[in-house]
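What follows is a single structure, written as structure tokens, with notes after it.
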Amino acid sequence: MSKTEQAAKRARALFSSQEHGVLSTHSIDMAGYPFGSITPYCLNRDGQPVILISNLAQHTHNILANNKVSLISSERDVDDAQAAARITYIGDATPIDSDDVDTAERYYRYFPDSRDFHKTHDFNFYVIDLVRARYIGGFGKIYWVEKTNFLKANPFSMQEENDMVNHMNNDHQAAMQHYCDLFDIDHDNGIKLSMIGIDSEGFHLRAGSKLHRIEFESPVSNAVEVRQAVVELAKRPA
């Protein structure tokens with residue numbers, strides 16, 4: 001794997017591991033100045049971030065005037081913020097068609113409290129179409145990552161992902177508790193763990209109110225390979 005591919009993989013893993021970032025838009029009230037706001041996101045099937053924002057919000061007004069934005073995510077729970085890995089995802093924010101149920105349902109699974117926001121508070125989904133990303137993995141590890149290297153589409157349909165997630169949640173609580181022990185994820189034995197989403201490089205677990213990302217050792221492309229990967233993790237000693 002080339003240095004470019006390694007940087008893209010690390011950048012993708014970091015971006016996938018976070019569920020919110022700083023969205024920067026061009027201010028229409030303070031011309032020439034950027035406007036930053038905290039925004040939750042999850043990835044769509046193309047591997048691009050989806051955000052749910054209100055038509056009343058300042059950042060939405062800014063996007064409607066100029067849709068060139070950036071979304072910054074950084075490694076959490078570190079002692080030195082400047083030493084943390086981070087990524088600046090630069091792209092064009094565009095509205096998602098209201099009939100895109102697949103994207104909406106995936107977002108709601110990641111952020112269940114947001115369901116019906118777009119009905120009660122005039123919220124709408126936007127996707128940020130990547131132009132280029134800037135990844136900083138630490139001192140001297142600074143890369144521009146191109147769209148063709150960064151994006152990795154999810155190989156699973158919504159139905160396939162739902163089937164795998166539901167199977168794990170209904171039948172494999174013990175395995176998910178083991179994953180938490182394996183990766184030092186705090187969890188209460190009395191609270192049900194939930195697998196939220198799966199893609200070719202890993203999956204997300206919800207433990208209590210927090211989302212956690214677990215990467216596969218090797219990429220997967222079908223349900224059989226997912227099963228092999230999760231069974232292998234379940235057998236790994238904590």
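Residue names in the structure tokens use chain letters A, B, ... in the order shown, residue numbers from 1 in each chain, and ligand numbers from 1 in the order shown.
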Do you have, as JSON lines, the list of residues of stretch 56-77 of chain A lying at most 12 Å from stretch 106-125 of chain A, each with its nearest atom pair and that distance in Å to one decimal, counting only C-alpha atoms and ordered by chain then number?
```
{"residue": "A:Leu56", "atom": "CA", "partner": "A:Asp122", "partner_atom": "CA", "distance": 7.6}
{"residue": "A:Ala57", "atom": "CA", "partner": "A:Phe123", "partner_atom": "CA", "distance": 9.3}
{"residue": "A:Thr60", "atom": "CA", "partner": "A:Asn124", "partner_atom": "CA", "distance": 9.5}
```
Export N, CA and C atoms of the chosen residues as a PDB file, in the first residue's frame?
```pdb
ATOM      1  N   LEU A  56     -33.934  27.367   9.500  1.00  0.00           N
ATOM      2  CA  LEU A  56     -33.828  28.582  10.298  1.00  0.00           C
ATOM      3  C   LEU A  56     -32.396  28.866  10.746  1.00  0.00           C
ATOM      4  N   ALA A  57     -31.519  27.873  10.646  1.00  0.00           N
ATOM      5  CA  ALA A  57     -30.169  28.005  11.180  1.00  0.00           C
ATOM      6  C   ALA A  57     -29.309  28.921  10.310  1.00  0.00           C
ATOM      7  N   THR A  60     -27.376  27.194   7.528  1.00  0.00           N
ATOM      8  CA  THR A  60     -28.185  26.843   6.358  1.00  0.00           C
ATOM      9  C   THR A  60     -28.351  28.053   5.449  1.00  0.00           C
TER      10      THR A  60
END
```
Can you tell me which residues surround A:Leu71 at a distance of at most 10 Å, considering only C-alpha atoms, apart from same-chain residues fewer than 4 positions away, and format the answer as a list in words?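 Those residues are Phe15, His20, Gly21, Val22, Leu23, Ser24, Thr25, Gly36, Ser37, Ile38, Thr39, Tyr41, Pro49, Ile87, Thr88, Tyr89, Ile90, Gly91, Ile128 and Ala133 of chain A.
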Let's have the selection written as a compact mmCIF listing (two decimals), in the first residue's frame, with all heavy atoms.
```txt
# COMPACT_ATOMS: atom_id res chain seq x y z
N PHE A 15 -12.40 9.81 10.15
CA PHE A 15 -13.65 10.48 9.81
C PHE A 15 -14.85 9.60 10.15
O PHE A 15 -15.88 10.08 10.63
CB PHE A 15 -13.66 10.82 8.32
CG PHE A 15 -14.63 11.90 7.94
CD1 PHE A 15 -14.57 13.16 8.52
CD2 PHE A 15 -15.59 11.67 6.96
CE1 PHE A 15 -15.45 14.16 8.16
CE2 PHE A 15 -16.48 12.67 6.60
CZ PHE A 15 -16.41 13.92 7.19
N HIS A 20 -19.61 13.88 14.99
CA HIS A 20 -19.89 15.30 14.82
C HIS A 20 -18.59 16.04 14.49
O HIS A 20 -17.49 15.53 14.71
CB HIS A 20 -20.53 15.91 16.08
CG HIS A 20 -19.64 15.92 17.28
ND1 HIS A 20 -19.65 14.90 18.19
CD2 HIS A 20 -18.70 16.79 17.70
CE1 HIS A 20 -18.77 15.15 19.14
NE2 HIS A 20 -18.17 16.30 18.86
N GLY A 21 -18.73 17.21 13.93
CA GLY A 21 -17.58 18.01 13.58
C GLY A 21 -17.94 19.48 13.55
O GLY A 21 -19.08 19.86 13.84
N VAL A 22 -16.97 20.30 13.20
CA VAL A 22 -17.19 21.74 13.06
C VAL A 22 -17.46 22.04 11.59
O VAL A 22 -16.58 21.86 10.74
CB VAL A 22 -15.99 22.55 13.57
CG1 VAL A 22 -16.24 24.05 13.35
CG2 VAL A 22 -15.73 22.28 15.04
N LEU A 23 -18.67 22.46 11.31
CA LEU A 23 -19.06 22.83 9.96
C LEU A 23 -18.75 24.31 9.76
O LEU A 23 -19.25 25.16 10.50
CB LEU A 23 -20.56 22.57 9.76
CG LEU A 23 -21.15 23.00 8.41
CD1 LEU A 23 -20.64 22.10 7.29
CD2 LEU A 23 -22.68 22.96 8.48
N SER A 24 -17.93 24.63 8.77
CA SER A 24 -17.59 26.02 8.47
C SER A 24 -18.24 26.44 7.16
O SER A 24 -18.08 25.75 6.13
CB SER A 24 -16.07 26.19 8.38
OG SER A 24 -15.48 25.97 9.63
N THR A 25 -18.98 27.53 7.21
CA THR A 25 -19.66 28.07 6.04
C THR A 25 -19.21 29.53 5.85
O THR A 25 -18.56 30.12 6.71
CB THR A 25 -21.19 28.02 6.24
OG1 THR A 25 -21.53 28.72 7.44
CG2 THR A 25 -21.67 26.58 6.36
N GLY A 36 -18.53 29.04 12.00
CA GLY A 36 -18.41 27.65 12.43
C GLY A 36 -19.55 27.23 13.34
O GLY A 36 -20.05 28.03 14.14
N SER A 37 -19.97 25.98 13.21
CA SER A 37 -21.01 25.43 14.08
C SER A 37 -20.80 23.93 14.24
O SER A 37 -20.28 23.27 13.33
CB SER A 37 -22.41 25.72 13.51
OG SER A 37 -22.50 25.30 12.16
N ILE A 38 -21.18 23.41 15.39
CA ILE A 38 -21.07 21.98 15.64
C ILE A 38 -22.22 21.25 14.95
O ILE A 38 -23.39 21.63 15.11
CB ILE A 38 -21.11 21.68 17.15
CG1 ILE A 38 -19.94 22.38 17.87
CG2 ILE A 38 -21.07 20.18 17.41
CD1 ILE A 38 -18.58 21.88 17.46
N THR A 39 -21.89 20.21 14.19
CA THR A 39 -22.90 19.52 13.41
C THR A 39 -22.70 18.01 13.47
O THR A 39 -21.61 17.52 13.13
CB THR A 39 -22.83 19.96 11.93
OG1 THR A 39 -22.85 21.38 11.86
CG2 THR A 39 -24.00 19.39 11.14
N TYR A 41 -23.02 14.18 12.08
CA TYR A 41 -23.04 13.62 10.72
C TYR A 41 -22.89 12.11 10.77
O TYR A 41 -22.37 11.55 11.73
CB TYR A 41 -21.94 14.24 9.85
CG TYR A 41 -20.53 13.82 10.22
CD1 TYR A 41 -19.94 12.67 9.68
CD2 TYR A 41 -19.75 14.57 11.11
CE1 TYR A 41 -18.64 12.29 10.01
CE2 TYR A 41 -18.47 14.20 11.45
CZ TYR A 41 -17.91 13.05 10.89
OH TYR A 41 -16.64 12.67 11.24
N PRO A 49 -20.40 12.51 4.07
CA PRO A 49 -21.17 12.89 5.26
C PRO A 49 -22.53 13.48 4.94
O PRO A 49 -22.67 14.29 4.02
CB PRO A 49 -20.26 13.93 5.93
CG PRO A 49 -19.47 14.51 4.82
CD PRO A 49 -19.24 13.39 3.85
N ILE A 87 -9.01 15.82 10.51
CA ILE A 87 -9.26 15.88 9.08
C ILE A 87 -10.17 17.06 8.77
O ILE A 87 -11.14 17.31 9.49
CB ILE A 87 -9.87 14.56 8.56
CG1 ILE A 87 -10.16 14.65 7.05
CG2 ILE A 87 -11.12 14.17 9.32
CD1 ILE A 87 -10.58 13.33 6.43
N THR A 88 -9.82 17.78 7.73
CA THR A 88 -10.67 18.85 7.22
C THR A 88 -11.24 18.37 5.89
O THR A 88 -10.52 18.21 4.90
CB THR A 88 -9.89 20.15 7.01
OG1 THR A 88 -9.29 20.54 8.25
CG2 THR A 88 -10.80 21.28 6.54
N TYR A 89 -12.52 18.11 5.89
CA TYR A 89 -13.23 17.57 4.72
C TYR A 89 -13.85 18.75 3.98
O TYR A 89 -14.73 19.44 4.51
CB TYR A 89 -14.29 16.59 5.22
CG TYR A 89 -15.10 15.87 4.17
CD1 TYR A 89 -14.85 14.53 3.88
CD2 TYR A 89 -16.13 16.51 3.50
CE1 TYR A 89 -15.61 13.84 2.95
CE2 TYR A 89 -16.90 15.83 2.56
CZ TYR A 89 -16.63 14.51 2.28
OH TYR A 89 -17.39 13.85 1.36
N ILE A 90 -13.37 19.03 2.78
CA ILE A 90 -13.78 20.21 2.03
C ILE A 90 -14.67 19.79 0.86
O ILE A 90 -14.31 18.90 0.09
CB ILE A 90 -12.55 20.96 1.49
CG1 ILE A 90 -11.63 21.37 2.66
CG2 ILE A 90 -12.96 22.19 0.69
CD1 ILE A 90 -10.27 21.85 2.22
N GLY A 91 -15.85 20.42 0.76
CA GLY A 91 -16.74 20.01 -0.33
C GLY A 91 -17.90 20.95 -0.53
O GLY A 91 -17.95 22.06 0.03
N ILE A 128 -22.47 16.42 1.83
CA ILE A 128 -21.31 17.22 1.47
C ILE A 128 -20.47 16.41 0.48
O ILE A 128 -19.85 15.40 0.85
CB ILE A 128 -20.47 17.62 2.70
CG1 ILE A 128 -21.36 18.36 3.70
CG2 ILE A 128 -19.30 18.51 2.27
CD1 ILE A 128 -20.65 18.72 4.99
N ALA A 133 -9.60 16.57 0.81
CA ALA A 133 -9.50 16.49 2.27
C ALA A 133 -8.06 16.72 2.70
O ALA A 133 -7.11 16.35 2.02
CB ALA A 133 -9.97 15.13 2.77
```
Enumerate the residues of stretch 45-75 of chain A with a DSSP assignment of alpha helix (DSSP H), computed from the backbone, and present them as a list in words.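 Filtering stretch 45-75 of chain A to alpha helix (DSSP H) leaves Gln58, His59, Thr60, His61, Asn62, Ile63, Leu64 and Ala65 of chain A.
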Could you turn the residues from that selection into a file that holds all heavy atoms, as an mmCIF file, in the first residue's frame?
```
data_model
loop_
_atom_site.group_PDB
_atom_site.id
_atom_site.type_symbol
_atom_site.label_atom_id
_atom_site.label_comp_id
_atom_site.auth_asym_id
_atom_site.auth_seq_id
_atom_site.Cartn_x
_atom_site.Cartn_y
_atom_site.Cartn_z
ATOM 1 N N GLN A 58 -28.391 29.610 10.968
ATOM 2 C CA GLN A 58 -27.502 30.513 10.245
ATOM 3 C C GLN A 58 -26.652 29.774 9.214
ATOM 4 O O GLN A 58 -26.465 30.252 8.094
ATOM 5 C CB GLN A 58 -26.587 31.244 11.238
ATOM 6 C CG GLN A 58 -25.694 32.296 10.597
ATOM 7 C CD GLN A 58 -26.484 33.459 10.004
ATOM 8 O OE1 GLN A 58 -27.254 34.093 10.703
ATOM 9 N NE2 GLN A 58 -26.318 33.715 8.715
ATOM 10 N N HIS A 59 -26.155 28.596 9.586
ATOM 11 C CA HIS A 59 -25.299 27.877 8.633
ATOM 12 C C HIS A 59 -26.081 27.452 7.386
ATOM 13 O O HIS A 59 -25.504 27.379 6.300
ATOM 14 C CB HIS A 59 -24.587 26.686 9.278
ATOM 15 C CG HIS A 59 -25.437 25.769 10.082
ATOM 16 N ND1 HIS A 59 -25.077 25.309 11.319
ATOM 17 C CD2 HIS A 59 -26.648 25.210 9.821
ATOM 18 C CE1 HIS A 59 -25.992 24.499 11.784
ATOM 19 N NE2 HIS A 59 -26.963 24.428 10.889
ATOM 20 N N THR A 60 -27.376 27.194 7.528
ATOM 21 C CA THR A 60 -28.185 26.843 6.358
ATOM 22 C C THR A 60 -28.351 28.053 5.449
ATOM 23 O O THR A 60 -28.242 27.934 4.214
ATOM 24 C CB THR A 60 -29.561 26.312 6.784
ATOM 25 O OG1 THR A 60 -29.393 25.242 7.711
ATOM 26 C CG2 THR A 60 -30.342 25.802 5.579
ATOM 27 N N HIS A 61 -28.614 29.211 6.025
ATOM 28 C CA HIS A 61 -28.696 30.437 5.226
ATOM 29 C C HIS A 61 -27.390 30.663 4.469
ATOM 30 O O HIS A 61 -27.395 31.041 3.286
ATOM 31 C CB HIS A 61 -28.973 31.639 6.132
ATOM 32 C CG HIS A 61 -30.312 31.596 6.794
ATOM 33 N ND1 HIS A 61 -30.657 32.451 7.833
ATOM 34 C CD2 HIS A 61 -31.399 30.802 6.591
ATOM 35 C CE1 HIS A 61 -31.893 32.185 8.222
ATOM 36 N NE2 HIS A 61 -32.353 31.180 7.494
ATOM 37 N N ASN A 62 -26.271 30.407 5.162
ATOM 38 C CA ASN A 62 -24.974 30.591 4.519
ATOM 39 C C ASN A 62 -24.786 29.626 3.354
ATOM 40 O O ASN A 62 -24.285 30.005 2.286
ATOM 41 C CB ASN A 62 -23.852 30.384 5.545
ATOM 42 C CG ASN A 62 -23.857 31.432 6.646
ATOM 43 O OD1 ASN A 62 -24.440 32.508 6.497
ATOM 44 N ND2 ASN A 62 -23.203 31.124 7.750
ATOM 45 N N ILE A 63 -25.187 28.356 3.565
ATOM 46 C CA ILE A 63 -25.035 27.338 2.520
ATOM 47 C C ILE A 63 -25.878 27.675 1.295
ATOM 48 O O ILE A 63 -25.439 27.474 0.147
ATOM 49 C CB ILE A 63 -25.410 25.946 3.078
ATOM 50 C CG1 ILE A 63 -24.309 25.449 4.017
ATOM 51 C CG2 ILE A 63 -25.649 24.942 1.954
ATOM 52 C CD1 ILE A 63 -24.667 24.192 4.775
ATOM 53 N N LEU A 64 -27.083 28.190 1.516
ATOM 54 C CA LEU A 64 -27.948 28.530 0.393
ATOM 55 C C LEU A 64 -27.354 29.661 -0.452
ATOM 56 O O LEU A 64 -27.624 29.755 -1.657
ATOM 57 C CB LEU A 64 -29.335 28.926 0.898
ATOM 58 C CG LEU A 64 -30.135 27.793 1.546
ATOM 59 C CD1 LEU A 64 -31.443 28.320 2.126
ATOM 60 C CD2 LEU A 64 -30.408 26.676 0.542
ATOM 61 N N ALA A 65 -26.528 30.505 0.181
ATOM 62 C CA ALA A 65 -25.875 31.585 -0.560
ATOM 63 C C ALA A 65 -24.549 31.127 -1.181
ATOM 64 O O ALA A 65 -24.168 31.589 -2.255
ATOM 65 C CB ALA A 65 -25.625 32.776 0.372
#
```
Test item: residues at most 12 Å from A:Tyr179, only C-alpha atoms, excluding those fewer than 5 positions along its chain, as an MDAnalysis selection string: chainID A and resid 172:174 184:187 193:195 203:207 212:216 229:238
If you keep N, CA, C and O atoms, can you produce a file of those selected residues as a short mmCIF file (atom, residue, chain, number, x, y, z; two decimals), in the first residue's frame?
```
data_model
loop_
_atom_site.label_atom_id
_atom_site.label_comp_id
_atom_site.auth_asym_id
_atom_site.auth_seq_id
_atom_site.Cartn_x
_atom_site.Cartn_y
_atom_site.Cartn_z
N HIS A 172 -26.65 -11.64 19.43
CA HIS A 172 -25.23 -11.69 19.79
C HIS A 172 -24.82 -10.58 20.76
O HIS A 172 -23.80 -9.92 20.56
N GLN A 173 -25.59 -10.40 21.81
CA GLN A 173 -25.25 -9.41 22.83
C GLN A 173 -23.92 -9.76 23.52
O GLN A 173 -23.11 -8.88 23.80
N ALA A 174 -23.69 -11.04 23.77
CA ALA A 174 -22.46 -11.45 24.44
C ALA A 174 -21.24 -11.10 23.60
O ALA A 174 -20.21 -10.65 24.12
N ASP A 184 -11.73 -1.64 25.04
CA ASP A 184 -11.81 -0.73 26.20
C ASP A 184 -12.95 0.28 26.08
O ASP A 184 -12.79 1.48 26.34
N ILE A 185 -14.11 -0.20 25.65
CA ILE A 185 -15.30 0.64 25.55
C ILE A 185 -16.11 0.48 26.83
O ILE A 185 -16.51 -0.63 27.19
N ASP A 186 -16.32 1.58 27.53
CA ASP A 186 -17.10 1.53 28.77
C ASP A 186 -18.54 1.13 28.46
O ASP A 186 -19.17 1.68 27.55
N HIS A 187 -19.05 0.18 29.24
CA HIS A 187 -20.45 -0.22 29.05
C HIS A 187 -21.00 -0.79 30.35
O HIS A 187 -20.28 -1.37 31.15
N LEU A 193 -26.49 -3.32 24.33
CA LEU A 193 -25.63 -2.72 23.32
C LEU A 193 -26.32 -2.81 21.97
O LEU A 193 -27.12 -3.72 21.72
N SER A 194 -26.01 -1.89 21.08
CA SER A 194 -26.63 -1.88 19.75
C SER A 194 -25.59 -1.67 18.68
O SER A 194 -24.79 -0.74 18.77
N MET A 195 -25.59 -2.57 17.70
CA MET A 195 -24.82 -2.30 16.50
C MET A 195 -25.65 -1.36 15.64
O MET A 195 -26.84 -1.57 15.44
N PHE A 203 -17.58 -1.24 11.81
CA PHE A 203 -18.97 -1.07 12.24
C PHE A 203 -19.01 -0.13 13.44
O PHE A 203 -17.99 0.15 14.08
N HIS A 204 -20.22 0.34 13.76
CA HIS A 204 -20.44 1.22 14.90
C HIS A 204 -21.29 0.50 15.94
O HIS A 204 -22.27 -0.17 15.59
N LEU A 205 -20.91 0.69 17.20
CA LEU A 205 -21.69 0.19 18.33
C LEU A 205 -22.15 1.37 19.16
O LEU A 205 -21.41 2.35 19.34
N ARG A 206 -23.37 1.27 19.70
CA ARG A 206 -23.83 2.25 20.68
C ARG A 206 -23.82 1.58 22.05
O ARG A 206 -24.43 0.54 22.26
N ALA A 207 -23.08 2.21 22.97
CA ALA A 207 -23.06 1.76 24.36
C ALA A 207 -23.56 2.92 25.20
O ALA A 207 -22.88 3.94 25.33
N HIS A 212 -19.37 4.18 19.13
CA HIS A 212 -17.97 3.76 19.05
C HIS A 212 -17.74 3.05 17.72
O HIS A 212 -18.57 2.27 17.27
N ARG A 213 -16.60 3.31 17.13
CA ARG A 213 -16.23 2.71 15.85
C ARG A 213 -15.22 1.60 16.07
O ARG A 213 -14.23 1.77 16.80
N ILE A 214 -15.46 0.44 15.46
CA ILE A 214 -14.53 -0.68 15.50
C ILE A 214 -14.17 -1.04 14.06
O ILE A 214 -15.06 -1.30 13.24
N GLU A 215 -12.89 -1.03 13.76
CA GLU A 215 -12.42 -1.33 12.40
C GLU A 215 -12.16 -2.82 12.24
O GLU A 215 -11.68 -3.50 13.16
N PHE A 216 -12.45 -3.34 11.04
CA PHE A 216 -12.11 -4.72 10.71
C PHE A 216 -10.61 -4.81 10.42
O PHE A 216 -9.99 -3.84 10.00
N ALA A 229 -15.53 -11.93 9.97
CA ALA A 229 -14.83 -10.86 10.69
C ALA A 229 -15.33 -10.71 12.12
O ALA A 229 -14.54 -10.56 13.06
N VAL A 230 -16.67 -10.74 12.31
CA VAL A 230 -17.20 -10.54 13.66
C VAL A 230 -16.95 -11.78 14.53
O VAL A 230 -16.76 -11.67 15.75
N VAL A 231 -16.97 -12.97 13.93
CA VAL A 231 -16.67 -14.18 14.68
C VAL A 231 -15.20 -14.17 15.12
O VAL A 231 -14.87 -14.53 16.26
N GLU A 232 -14.33 -13.74 14.22
CA GLU A 232 -12.91 -13.65 14.55
C GLU A 232 -12.67 -12.69 15.72
O GLU A 232 -11.90 -12.97 16.62
N LEU A 233 -13.38 -11.57 15.70
CA LEU A 233 -13.27 -10.61 16.81
C LEU A 233 -13.79 -11.22 18.11
O LEU A 233 -13.22 -11.01 19.19
N ALA A 234 -14.89 -11.97 18.02
CA ALA A 234 -15.49 -12.57 19.21
C ALA A 234 -14.56 -13.62 19.84
O ALA A 234 -14.63 -13.86 21.05
N LYS A 235 -13.71 -14.22 19.02
CA LYS A 235 -12.80 -15.24 19.52
C LYS A 235 -11.48 -14.67 20.04
O LYS A 235 -10.72 -15.36 20.71
N ARG A 236 -11.23 -13.40 19.73
CA ARG A 236 -9.96 -12.79 20.14
C ARG A 236 -9.96 -12.56 21.65
O ARG A 236 -10.91 -12.01 22.19
N PRO A 237 -8.91 -12.97 22.34
CA PRO A 237 -8.89 -12.77 23.79
C PRO A 237 -8.79 -11.29 24.16
O PRO A 237 -8.10 -10.52 23.51
N ALA A 238 -9.54 -10.91 25.19
CA ALA A 238 -9.53 -9.50 25.61
C ALA A 238 -8.28 -9.20 26.42
O ALA A 238 -7.71 -10.06 27.04
#
```
Could you give me the residues within stretch 31-139 of chain A that DSSP places in strand (DSSP E), as a PyMOL selection string? chain A and resi 34-40+42-43+49-54+68-74+86-95+123-138
Which residues are close to A:Ile136, i.e. within 7 Å by only C-alpha atoms, leaving aside same-chain residues fewer than 6 positions away? Reply as a PyMOL selection string. chain A and resi 85-87+142-143
Hey, can you spit out that residue selection with N, CA and C atoms as a PDB file, in the first residue's frame?
```pdb
ATOM      1  N   ALA A  85      -5.008  13.566  15.879  1.00  0.00           N
ATOM      2  CA  ALA A  85      -5.257  13.419  14.450  1.00  0.00           C
ATOM      3  C   ALA A  85      -6.514  14.197  14.086  1.00  0.00           C
ATOM      4  N   ARG A  86      -6.545  14.814  12.916  1.00  0.00           N
ATOM      5  CA  ARG A  86      -7.734  15.540  12.479  1.00  0.00           C
ATOM      6  C   ARG A  86      -7.815  15.571  10.968  1.00  0.00           C
ATOM      7  N   ILE A  87      -9.009  15.824  10.509  1.00  0.00           N
ATOM      8  CA  ILE A  87      -9.260  15.881   9.078  1.00  0.00           C
ATOM      9  C   ILE A  87     -10.169  17.058   8.773  1.00  0.00           C
ATOM     10  N   ILE A 142       1.264  14.927   7.357  1.00  0.00           N
ATOM     11  CA  ILE A 142       0.299  15.875   6.814  1.00  0.00           C
ATOM     12  C   ILE A 142       0.119  15.589   5.325  1.00  0.00           C
ATOM     13  N   TYR A 143      -1.133  15.385   4.926  1.00  0.00           N
ATOM     14  CA  TYR A 143      -1.401  14.977   3.559  1.00  0.00           C
ATOM     15  C   TYR A 143      -2.656  15.661   3.017  1.00  0.00           C
TER      16      TYR A 143
END
```
Do you know which residues are at most 12 Å from A:Tyr135 counting only C-alpha atoms, after dropping those on the same chain fewer than 3 positions away, and could you put them as a PyMOL selection string? chain A and resi 4+6-15+71-75+84-90+132+138-146+150
Enter the distance from atom CA of A:Glu160 to atom CA of A:Ala223, in Å, rounded to one decimal. 7.8 Å
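Taking atom CA of A:Asn189 and atom CA of A:Gly208 as the two end points, the separation is 10.4 Å.
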